[in-house]
$ cat target-v4.pdb   # PDB, C-alpha atoms
ATOM      1  CA  MET A   1       7.675 -32.407 -11.821
ATOM      2  CA  ASP A   2      10.139 -33.972 -14.156
ATOM      3  CA  PHE A   3      11.582 -31.943 -17.030
ATOM      4  CA  SER A   4      14.445 -34.341 -17.765
ATOM      5  CA  ASN A   5      12.979 -35.391 -21.122
ATOM      6  CA  PHE A   6      12.965 -31.755 -22.273
ATOM      7  CA  ASN A   7      15.489 -30.494 -24.773
ATOM      8  CA  ALA A   8      17.647 -27.431 -24.124
ATOM      9  CA  ALA A   9      15.264 -24.941 -25.727
ATOM     10  CA  GLU A  10      12.311 -26.383 -23.829
ATOM     11  CA  GLN A  11      14.189 -26.314 -20.545
ATOM     12  CA  ALA A  12      15.161 -22.696 -21.174
ATOM     13  CA  HIS A  13      11.534 -21.882 -21.848
ATOM     14  CA  MET A  14      10.415 -23.644 -18.651
ATOM     15  CA  THR A  15      13.047 -21.819 -16.614
ATOM     16  CA  LYS A  16      11.721 -18.524 -17.943
ATOM     17  CA  VAL A  17       8.146 -19.477 -17.127
ATOM     18  CA  ILE A  18       9.121 -20.644 -13.634
ATOM     19  CA  GLU A  19      11.025 -17.418 -12.963
ATOM     20  CA  LYS A  20       8.048 -15.368 -14.045
ATOM     21  CA  ARG A  21       5.721 -17.417 -11.832
ATOM     22  CA  GLN A  22       8.076 -17.040  -8.872
ATOM     23  CA  MET A  23       8.007 -13.270  -9.290
ATOM     24  CA  GLN A  24       4.202 -13.312  -9.475
ATOM     25  CA  ASP A  25       4.003 -15.596  -6.439
ATOM     26  CA  PHE A  26       6.293 -13.334  -4.486
ATOM     27  CA  LEU A  27       4.207 -10.264  -5.249
ATOM     28  CA  LYS A  28       1.046 -12.147  -4.340
ATOM     29  CA  LEU A  29       2.610 -13.316  -1.078
ATOM     30  CA  TYR A  30       3.637  -9.759  -0.283
ATOM     31  CA  ALA A  31       0.138  -8.439  -0.878
ATOM     32  CA  THR A  32      -1.635 -11.177   1.084
ATOM     33  CA  LEU A  33       0.808 -10.903   3.953
ATOM     34  CA  VAL A  34       0.251  -7.159   4.206
ATOM     35  CA  GLU A  35      -3.491  -7.723   4.191
ATOM     36  CA  LYS A  36      -3.438 -10.595   6.698
ATOM     37  CA  CYS A  37      -1.104  -8.896   9.155
ATOM     38  CA  PHE A  38      -2.786  -5.523   8.858
ATOM     39  CA  ASN A  39      -6.176  -7.068   9.528
ATOM     40  CA  SER A  40      -5.060  -9.098  12.520
ATOM     41  CA  CYS A  41      -2.708  -6.556  14.094
ATOM     42  CA  CYS A  42      -4.080  -3.089  13.417
ATOM     43  CA  ASN A  43      -7.379  -2.302  15.094
ATOM     44  CA  ASP A  44      -6.670   0.955  16.856
ATOM     45  CA  PHE A  45      -6.682   4.168  14.842
ATOM     46  CA  THR A  46      -6.103   6.723  17.572
ATOM     47  CA  SER A  47      -2.605   7.201  16.191
ATOM     48  CA  LYS A  48      -1.267   7.228  12.652
ATOM     49  CA  ALA A  49       1.994   5.512  13.514
ATOM     50  CA  LEU A  50       2.313   1.831  14.321
ATOM     51  CA  SER A  51       2.533   1.293  18.067
ATOM     52  CA  SER A  52       5.344  -0.882  19.371
ATOM     53  CA  LYS A  53       2.760  -3.561  20.109
ATOM     54  CA  GLU A  54       1.463  -3.445  16.541
ATOM     55  CA  ASP A  55       4.991  -3.426  15.218
ATOM     56  CA  GLN A  56       5.820  -6.569  17.191
ATOM     57  CA  CYS A  57       2.562  -8.203  16.162
ATOM     58  CA  ILE A  58       3.280  -7.545  12.479
ATOM     59  CA  SER A  59       6.782  -8.951  12.571
ATOM     60  CA  ASN A  60       5.536 -12.043  14.428
ATOM     61  CA  CYS A  61       2.651 -12.377  11.995
ATOM     62  CA  ALA A  62       4.899 -12.217   8.928
ATOM     63  CA  GLU A  63       7.495 -14.541  10.429
ATOM     64  CA  LYS A  64       4.857 -17.017  11.502
ATOM     65  CA  PHE A  65       3.207 -17.118   8.090
ATOM     66  CA  ILE A  66       6.531 -17.740   6.365
ATOM     67  CA  LYS A  67       7.372 -20.531   8.792
ATOM     68  CA  HIS A  68       3.899 -21.956   8.325
ATOM     69  CA  SER A  69       4.217 -22.022   4.556
ATOM     70  CA  GLU A  70       7.706 -23.557   4.797
ATOM     71  CA  ARG A  71       6.347 -26.307   7.004
ATOM     72  CA  VAL A  72       3.467 -26.979   4.631
ATOM     73  CA  GLY A  73       5.994 -27.079   1.782
ATOM     74  CA  ALA A  74       8.178 -29.585   3.611
ATOM     75  CA  ARG A  75       5.274 -31.916   4.428
ATOM     76  CA  PHE A  76       3.932 -31.568   0.891
ATOM     77  CA  ALA A  77       7.334 -32.503  -0.533
ATOM     78  CA  GLU A  78       7.429 -35.580   1.722
ATOM     79  CA  ILE A  79       4.002 -36.704   0.547
ATOM     80  CA  ASN A  80       4.965 -36.192  -3.096
ATOM     81  CA  ALA A  81       8.187 -38.130  -2.616
ATOM     82  CA  GLU A  82       6.178 -40.967  -1.090
ATOM     83  CA  ILE A  83       3.790 -41.001  -4.052
ATOM     84  CA  MET A  84       6.725 -40.954  -6.501
ATOM     85  CA  ASN A  85       8.370 -43.874  -4.693
ATOM     86  CA  ALA A  86       5.145 -45.852  -4.629
ATOM     87  CA  SER A  87       4.566 -45.373  -8.353
ATOM     88  CA  GLN A  88       8.189 -46.284  -9.122
ATOM     89  CA  ASN A  89       7.981 -49.478  -7.099
ATOM     90  CA  LYS A  90       4.820 -50.449  -8.936
ATOM     91  CA  SER A  91       6.328 -50.128 -12.401
TER
ATOM     92  CA  MET B   1      16.543 -18.761 -30.742
ATOM     93  CA  SER B   2      16.352 -20.137 -34.292
ATOM     94  CA  PHE B   3      20.131 -19.831 -34.728
ATOM     95  CA  LEU B   4      20.471 -22.720 -32.293
ATOM     96  CA  GLY B   5      18.994 -24.903 -35.002
ATOM     97  CA  ARG B   6      17.085 -28.060 -34.506
ATOM     98  CA  THR B   7      18.012 -29.765 -31.283
ATOM     99  CA  GLY B   8      16.974 -33.278 -32.120
ATOM    100  CA  SER B   9      13.281 -32.867 -31.482
ATOM    101  CA  MET B  10      11.319 -34.636 -34.216
ATOM    102  CA  ASN B  11       8.109 -32.688 -33.823
ATOM    103  CA  GLY B  12       9.588 -29.417 -32.589
ATOM    104  CA  ASN B  13       9.089 -26.128 -34.393
ATOM    105  CA  ALA B  14      11.910 -23.889 -35.641
ATOM    106  CA  SER B  15      13.109 -23.022 -32.123
ATOM    107  CA  GLY B  16      13.150 -26.663 -31.053
ATOM    108  CA  VAL B  17      10.334 -26.184 -28.580
ATOM    109  CA  ASN B  18       7.503 -28.658 -28.606
ATOM    110  CA  SER B  19       4.846 -26.157 -27.605
ATOM    111  CA  GLU B  20       2.285 -28.787 -26.687
ATOM    112  CA  LYS B  21       4.672 -30.477 -24.294
ATOM    113  CA  VAL B  22       5.708 -27.163 -22.751
ATOM    114  CA  GLU B  23       2.121 -26.046 -22.431
ATOM    115  CA  MET B  24       1.258 -29.256 -20.580
ATOM    116  CA  ALA B  25       4.172 -28.701 -18.221
ATOM    117  CA  VAL B  26       3.114 -25.094 -17.575
ATOM    118  CA  THR B  27      -0.435 -26.219 -16.852
ATOM    119  CA  GLU B  28       0.872 -28.843 -14.441
ATOM    120  CA  LEU B  29       3.069 -26.254 -12.748
ATOM    121  CA  ASP B  30       0.145 -23.870 -12.358
ATOM    122  CA  THR B  31      -2.125 -26.619 -11.041
ATOM    123  CA  VAL B  32       0.346 -27.753  -8.415
ATOM    124  CA  THR B  33       1.120 -24.164  -7.402
ATOM    125  CA  ASP B  34      -2.559 -23.347  -7.058
ATOM    126  CA  PHE B  35      -3.162 -26.514  -5.035
ATOM    127  CA  PHE B  36      -0.242 -25.681  -2.767
ATOM    128  CA  ASN B  37      -1.340 -22.081  -2.230
ATOM    129  CA  ARG B  38      -4.842 -23.183  -1.374
ATOM    130  CA  MET B  39      -3.474 -25.724   1.074
ATOM    131  CA  VAL B  40      -1.299 -23.058   2.715
ATOM    132  CA  SER B  41      -4.233 -20.703   3.214
ATOM    133  CA  SER B  42      -6.645 -23.405   4.402
ATOM    134  CA  CYS B  43      -4.207 -24.827   6.930
ATOM    135  CA  TYR B  44      -3.223 -21.342   8.033
ATOM    136  CA  ALA B  45      -6.863 -20.468   8.683
ATOM    137  CA  LYS B  46      -7.473 -23.728  10.553
ATOM    138  CA  CYS B  47      -4.264 -24.089  12.555
ATOM    139  CA  ILE B  48      -2.588 -20.765  13.235
ATOM    140  CA  SER B  49      -3.770 -18.685  16.145
ATOM    141  CA  GLN B  50      -4.325 -15.027  15.366
ATOM    142  CA  ARG B  51      -2.642 -13.910  18.556
ATOM    143  CA  PHE B  52       0.840 -13.089  17.358
ATOM    144  CA  ALA B  53       2.622 -13.298  20.673
ATOM    145  CA  GLU B  54       5.623 -14.918  18.992
ATOM    146  CA  GLY B  55       7.043 -15.467  15.539
ATOM    147  CA  ASP B  56       7.373 -19.245  15.833
ATOM    148  CA  LEU B  57       4.772 -21.931  15.335
ATOM    149  CA  ASN B  58       4.010 -23.453  18.706
ATOM    150  CA  LYS B  59       3.853 -27.194  19.231
ATOM    151  CA  GLY B  60       0.121 -27.497  18.800
ATOM    152  CA  GLU B  61       0.158 -25.427  15.623
ATOM    153  CA  SER B  62       3.019 -27.455  14.162
ATOM    154  CA  VAL B  63       1.260 -30.762  14.756
ATOM    155  CA  CYS B  64      -1.949 -29.280  13.377
ATOM    156  CA  VAL B  65      -0.171 -28.138  10.205
ATOM    157  CA  ASP B  66       1.377 -31.572   9.653
ATOM    158  CA  ARG B  67      -1.979 -33.284   9.972
ATOM    159  CA  CYS B  68      -3.706 -30.609   7.934
ATOM    160  CA  VAL B  69      -1.370 -31.160   4.961
ATOM    161  CA  SER B  70      -1.878 -34.903   5.147
ATOM    162  CA  LYS B  71      -5.638 -34.527   5.309
ATOM    163  CA  TYR B  72      -5.739 -31.984   2.523
ATOM    164  CA  ASN B  73      -3.945 -34.459   0.273
ATOM    165  CA  GLU B  74      -6.321 -37.241   1.242
ATOM    166  CA  VAL B  75      -9.274 -35.025   0.450
ATOM    167  CA  GLN B  76      -7.733 -34.247  -2.914
ATOM    168  CA  LYS B  77      -7.424 -37.960  -3.629
ATOM    169  CA  LYS B  78     -10.970 -38.743  -2.495
ATOM    170  CA  VAL B  79     -12.591 -35.912  -4.422
ATOM    171  CA  GLY B  80     -10.539 -36.903  -7.455
ATOM    172  CA  GLU B  81     -11.833 -40.462  -7.212
ATOM    173  CA  LYS B  82     -15.415 -39.239  -6.905
ATOM    174  CA  LEU B  83     -15.078 -36.947  -9.905
ATOM    175  CA  GLN B  84     -13.440 -39.686 -11.903
ATOM    176  CA  ALA B  85     -16.209 -42.139 -11.029
ATOM    177  CA  ARG B  86     -18.838 -39.609 -12.025
ATOM    178  CA  GLY B  87     -16.917 -38.812 -15.194
ATOM    179  CA  SER B  88     -16.704 -42.403 -16.309
ATOM    180  CA  ALA B  89     -20.367 -42.994 -15.372
ATOM    181  CA  ASN B  90     -21.321 -39.975 -17.471
ATOM    182  CA  ALA B  91     -19.150 -41.154 -20.323
ATOM    183  CA  ALA B  92     -20.797 -44.575 -20.178
ATOM    184  CA  SER B  93     -24.334 -43.141 -20.172
ATOM    185  CA  ALA B  94     -23.404 -40.622 -22.875
ATOM    186  CA  SER B  95     -21.995 -43.316 -25.123
ATOM    187  CA  SER B  96     -25.066 -45.485 -24.596
ATOM    188  CA  THR B  97     -27.314 -42.517 -25.430
ATOM    189  CA  PHE B  98     -25.356 -41.831 -28.565
ATOM    190  CA  GLY B  99     -25.335 -45.530 -29.226
ATOM    191  CA  THR B 100     -29.129 -45.631 -29.396
ATOM    192  CA  LEU B 101     -29.227 -42.430 -31.454
ATOM    193  CA  SER B 102     -26.873 -43.541 -34.151
TER
END

$ encode --input "target-v4.pdb" --output "structure tokens"
Amino acid sequence: MDFSNFNAAEQAHMTKVIEKRQMQDFLKLYATLVEKCFNSCCNDFTSKALSSKEDQCISNCAEKFIKHSERVGARFAEINAEIMNASQNKS
Amino acid sequence: MSFLGRTGSMNGNASGVNSEKVEMAVTELDTVTDFFNRMVSSCYAKCISQRFAEGDLNKGESVCVDRCVSKYNEVQKKVGEKLQARGSANAASASSTFGTLS
């Protein structure tokens, strides 16, 4: 996305919107990660505390999801850059 | 914000913000974010094993994710083309219908 043709007030507004969205995205990520990792790691309710196995599973699960989404982000950025280059070469 | 005065924008309001332009940008931001989030969850469901023996993506998962992102984008393009074709076909038939009516 290109905001270079925005004036100062518009850029300030966009920054505010983006910050708000980032906060919302973070909270959403937090909630989905809790749900995902709880569902795949916690299946035994004979104890109320997390077992060491569950604890390990949860930290791997969270770490793996973050790495996954970073990788998707990197590939997505590459594809977008390619599209941008292609459209620039055309014009 | 109004004390900043007009900042050169011809069609801006008092605060210098062209609300239509900003709204378009916000919509674009939301669309791209939504697309990205959907891609993350689809590729996660299809590529990542639910056995969390380690915190890293293994080789197979990494390759799968790379291909998944590429495919997801291709699907987006294809579906977009289909919708566009249908849209223009509809527009053509609609205009011909209205053409006979008027």

$ resolve_selection --input "target-v4.pdb" --expression "the ChimeraX specification (/B :<10) & /A" --output "PyMOL selection string"
chain A and resi 1-3+6-14+17-18+21+25+29+36-37+40-41+53-54+56-76+78-80

$ atom_distance --input "target-v4.pdb" --atom1 "atom CA of Glu19 of chain A" --atom2 "atom CA of Thr27 of chain B"
15.0 Å

$ atom_distance --input "target-v4.pdb" --atom1 "atom CA of Val79 of chain B" --atom2 "atom CA of Thr31 of chain B"
15.5 Å

$ atom_distance --input "target-v4.pdb" --atom1 "atom CA of Asp55 of chain A" --atom2 "atom CA of Tyr30 of chain A"
16.8 Å

$ axis_aligned_box --input "target-v4.pdb" --around "segment 53-64 of chain B" --padding-each-side "3 Å" --output "JSON"
{"center_x": 2.7, "center_y": -22.0, "center_z": 17.0, "size_x": 15.3, "size_y": 23.5, "size_z": 13.3}

$ build_atoms --input "target-v4.pdb" --residues "segment 43-60 of chain A" --atoms "N, CA and C atoms" --output "mmCIF file, keeping the file's coordinate frame"
data_model
loop_
_atom_site.group_PDB
_atom_site.id
_atom_site.type_symbol
_atom_site.label_atom_id
_atom_site.label_comp_id
_atom_site.auth_asym_id
_atom_site.auth_seq_id
_atom_site.Cartn_x
_atom_site.Cartn_y
_atom_site.Cartn_z
ATOM 1 N N ASN A 43 -5.955 -2.537 14.813
ATOM 2 C CA ASN A 43 -7.379 -2.302 15.094
ATOM 3 C C ASN A 43 -7.623 -0.974 15.809
ATOM 4 N N ASP A 44 -6.537 -0.279 16.082
ATOM 5 C CA ASP A 44 -6.670 0.955 16.856
ATOM 6 C C ASP A 44 -6.177 2.119 16.017
ATOM 7 N N PHE A 45 -7.081 3.068 15.709
ATOM 8 C CA PHE A 45 -6.682 4.168 14.842
ATOM 9 C C PHE A 45 -6.709 5.510 15.577
ATOM 10 N N THR A 46 -6.250 5.471 16.834
ATOM 11 C CA THR A 46 -6.103 6.723 17.572
ATOM 12 C C THR A 46 -4.742 7.357 17.313
ATOM 13 N N SER A 47 -3.904 6.646 16.567
ATOM 14 C CA SER A 47 -2.605 7.201 16.191
ATOM 15 C C SER A 47 -2.309 6.780 14.761
ATOM 16 N N LYS A 48 -1.528 7.604 14.044
ATOM 17 C CA LYS A 48 -1.267 7.228 12.652
ATOM 18 C C LYS A 48 -0.022 6.369 12.523
ATOM 19 N N ALA A 49 0.790 6.354 13.566
ATOM 20 C CA ALA A 49 1.994 5.512 13.514
ATOM 21 C C ALA A 49 1.699 4.159 14.137
ATOM 22 N N LEU A 50 2.461 3.153 13.712
ATOM 23 C CA LEU A 50 2.313 1.831 14.321
ATOM 24 C C LEU A 50 2.825 1.890 15.747
ATOM 25 N N SER A 51 2.048 1.360 16.688
ATOM 26 C CA SER A 51 2.533 1.293 18.067
ATOM 27 C C SER A 51 3.557 0.174 18.158
ATOM 28 N N SER A 52 4.319 0.163 19.246
ATOM 29 C CA SER A 52 5.344 -0.882 19.371
ATOM 30 C C SER A 52 4.682 -2.258 19.437
ATOM 31 N N LYS A 53 3.495 -2.301 20.020
ATOM 32 C CA LYS A 53 2.760 -3.561 20.109
ATOM 33 C C LYS A 53 2.352 -4.044 18.712
ATOM 34 N N GLU A 54 1.844 -3.100 17.910
ATOM 35 C CA GLU A 54 1.463 -3.445 16.541
ATOM 36 C C GLU A 54 2.678 -3.866 15.724
ATOM 37 N N ASP A 55 3.754 -3.135 15.927
ATOM 38 C CA ASP A 55 4.991 -3.426 15.218
ATOM 39 C C ASP A 55 5.449 -4.853 15.508
ATOM 40 N N GLN A 56 5.430 -5.222 16.782
ATOM 41 C CA GLN A 56 5.820 -6.569 17.191
ATOM 42 C C GLN A 56 4.867 -7.603 16.598
ATOM 43 N N CYS A 57 3.586 -7.289 16.682
ATOM 44 C CA CYS A 57 2.562 -8.203 16.162
ATOM 45 C C CYS A 57 2.787 -8.458 14.677
ATOM 46 N N ILE A 58 3.090 -7.403 13.923
ATOM 47 C CA ILE A 58 3.280 -7.545 12.479
ATOM 48 C C ILE A 58 4.510 -8.381 12.166
ATOM 49 N N SER A 59 5.601 -8.149 12.899
ATOM 50 C CA SER A 59 6.782 -8.951 12.571
ATOM 51 C C SER A 59 6.568 -10.409 12.964
ATOM 52 N N ASN A 60 5.869 -10.659 14.076
ATOM 53 C CA ASN A 60 5.536 -12.043 14.428
ATOM 54 C C ASN A 60 4.606 -12.669 13.395
#
